[in-house]
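Asker: I am sharing entry-v4.cif, which consists of mmCIF, C-alpha atoms:
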```cif
data_upload
#
loop_
_atom_site.label_atom_id
_atom_site.label_comp_id
_atom_site.auth_asym_id
_atom_site.auth_seq_id
_atom_site.Cartn_x
_atom_site.Cartn_y
_atom_site.Cartn_z
CA MET M 154 -77.98 3.01 136.49
CA GLY M 155 -75.64 5.41 138.30
CA ARG M 156 -75.28 9.11 137.92
CA THR M 157 -73.03 10.48 135.23
CA PHE M 158 -70.75 13.45 135.64
CA GLY M 159 -69.14 15.68 133.07
CA ALA M 160 -65.38 15.79 132.67
CA GLU M 161 -65.30 19.42 133.76
CA TYR M 162 -67.10 18.60 137.02
CA GLU M 163 -64.78 15.64 137.68
CA GLN M 164 -61.67 17.76 137.11
CA ARG M 165 -62.95 20.56 139.31
CA LEU M 166 -63.86 18.18 142.14
CA LEU M 167 -60.52 16.32 141.92
CA ALA M 168 -58.68 19.63 142.11
CA GLU M 169 -60.77 20.62 145.13
CA LEU M 170 -60.06 17.28 146.84
CA ASP M 171 -56.34 17.51 146.04
CA ASP M 172 -56.24 20.98 147.60
CA ALA M 173 -58.12 19.90 150.76
CA LEU M 174 -55.66 19.89 153.65
CA ALA M 175 -57.69 20.13 156.85
CA PRO M 176 -58.62 16.87 158.61
CA GLY M 177 -62.05 15.69 157.49
CA GLU M 178 -62.27 18.23 154.68
CA ARG M 179 -62.20 15.57 151.94
CA GLY M 180 -64.99 13.59 153.60
CA GLN M 181 -67.02 16.77 153.92
CA ILE M 182 -66.64 17.49 150.19
CA LEU M 183 -67.69 13.93 149.30
CA ARG M 184 -70.77 14.12 151.57
CA ARG M 185 -71.68 17.55 150.20
CA ASP M 186 -71.77 16.17 146.64
CA GLY M 187 -73.14 12.74 147.57
CA LEU M 188 -70.11 10.86 146.24
CA TYR M 189 -68.31 7.70 147.30
CA GLY M 190 -64.56 7.48 147.63
CA SER M 191 -64.51 4.63 145.09
CA THR M 192 -66.04 6.93 142.47
CA VAL M 193 -63.33 9.52 143.06
CA SER M 194 -60.69 6.78 142.91
CA ARG M 195 -61.93 5.73 139.46
CA TRP M 196 -61.82 9.36 138.31
CA ARG M 197 -58.22 9.67 139.54
CA GLN M 198 -57.22 6.45 137.77
CA ARG M 199 -58.75 7.64 134.50
CA ARG M 200 -57.09 11.05 134.85
CA ASP M 201 -53.68 9.52 135.60
CA ALA M 202 -54.00 7.02 132.74
CA ALA M 203 -54.87 9.83 130.32
CA ILE M 204 -51.85 11.82 131.50
CA ARG M 205 -49.54 8.83 131.08
CA ALA M 206 -50.94 8.10 127.62
CA GLY M 207 -50.49 11.72 126.60
CA LEU M 208 -46.90 11.76 127.82
CA SER M 209 -45.92 8.49 126.18
CA ASP M 210 -47.44 9.44 122.81
CA ALA M 211 -45.68 12.78 122.68
CA LYS M 212 -42.59 12.74 120.49
CA ARG M 213 -39.79 15.09 121.30
CA GLY M 214 -38.19 17.34 118.76
CA PRO M 215 -39.52 18.88 115.59
CA LYS M 216 -42.13 17.03 113.60
CA VAL M 217 -40.68 15.68 110.38
CA ASP M 218 -42.83 15.39 107.33
CA GLU M 219 -42.21 11.83 106.14
CA LEU M 220 -42.67 12.78 102.48
CA ALA M 221 -40.12 15.59 102.74
CA LYS M 222 -37.72 13.21 104.48
CA GLU M 223 -38.12 10.68 101.66
CA VAL M 224 -37.57 13.38 99.01
CA ARG M 225 -34.34 14.47 100.72
CA GLU M 226 -33.10 10.87 100.85
CA LEU M 227 -33.96 10.26 97.19
CA ARG M 228 -32.21 13.48 96.13
CA ARG M 229 -29.12 12.47 98.09
CA ARG M 230 -29.08 9.04 96.42
CA ASN M 231 -29.68 10.63 93.01
CA GLU M 232 -26.69 12.95 93.45
CA ALA M 233 -24.48 10.00 94.47
CA LEU M 234 -25.61 7.99 91.42
CA GLU M 235 -25.00 10.95 89.09
CA GLY M 236 -21.45 11.19 90.47
CA ARG M 237 -20.87 7.49 89.82
CA LEU M 238 -22.29 7.89 86.29
CA ARG M 239 -19.88 10.78 85.54
CA THR M 240 -16.99 8.63 86.78
CA ALA M 241 -18.10 5.66 84.66
CA GLU M 242 -18.48 7.88 81.56
CA ALA M 243 -14.98 9.33 82.09
CA LEU M 244 -13.52 5.84 82.47
CA ALA M 245 -15.30 4.63 79.31
CA GLU M 246 -13.94 7.61 77.39
CA ALA M 247 -10.40 6.99 78.71
CA GLN M 248 -10.66 3.30 77.75
CA GLY M 249 -11.82 4.28 74.27
CA ASN M 250 -8.89 6.69 73.91
CA ALA M 251 -6.45 4.04 75.16
CA PHE M 252 -7.87 1.49 72.72
CA ALA M 253 -7.56 3.95 69.82
CA LEU M 254 -3.96 4.74 70.84
CA LEU M 255 -3.09 1.03 71.03
CA GLN M 256 -4.66 0.43 67.60
CA ALA M 257 -2.65 3.31 66.14
CA LEU M 258 0.56 1.96 67.69
CA SER M 259 -0.26 -1.53 66.43
CA ARG M 260 -0.77 -0.21 62.86
CA LYS M 261 2.51 1.68 63.02
CA SER M 262 4.37 -1.44 64.14
CA ASP M 263 2.70 -3.48 61.39
CA ASP M 264 3.75 -0.87 58.80
CA THR M 265 7.38 -0.89 59.93
CA ASN M 266 7.67 -4.69 59.74
#
```
As a first step, turn the structure in this file into structure tokens.
Answerer:
Amino acid sequence: MGRTFGAEYEQRLLAELDDALAPGERGQILRRDGLYGSTVSRWRQRRDAAIRAGLSDAKRGPKVDELAKEVRELRRRNEALEGRLRTAEALAEAQGNAFALLQALSRKSDDTN
């Protein structure tokens, strides 16, 4: 079984390797810590995958509470339905008044004949 390294150590060593500019400096760091290049490559792949996953999961903009969003939508629909109900009630009342007026006119015409 191979050695295990903590995430903090891996991050520190990757940063040190990324900052190494002089020829042979990276190899010297690997020899100093007894590491293989393949190990460091795996660490870089894991780091890069974690960064990509973190970036793709992040949503832009303000976080919206789904329950609050649903409440706003239901209130909007409720207001629209109340408006339609008021219109329907006004129409029903107007129809009732028109019917009463027509009945009264019909009675008057029946009385005059």
Asker: Expanded to explicit residues, what is the PyMOL selection byres ((chain M and resi 154-171) around 12) for this file, as number ranges by chain?
Answerer: M: 172-183, 185-190, 192-201
Asker: What is the CA of Ala221 in chain M to CA of Leu208 in chain M distance in Å?
Answerer: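 That distance, rounded to one decimal, is 26.3 Å.
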Asker: Please measure the separation of CA of Leu258 in chain M and CA of Glu246 in chain M, giving the value in Å to one decimal.
Answerer: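 Value for the CA of Leu258 in chain M-CA of Glu246 in chain M distance: 18.3 Å.
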Asker: For CA of Leu227 in chain M and CA of Arg239 in chain M, quote the distance in Å rounded to one decimal.
Answerer: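 One can read the CA of Leu227 in chain M to CA of Arg239 in chain M distance as 18.3 Å.
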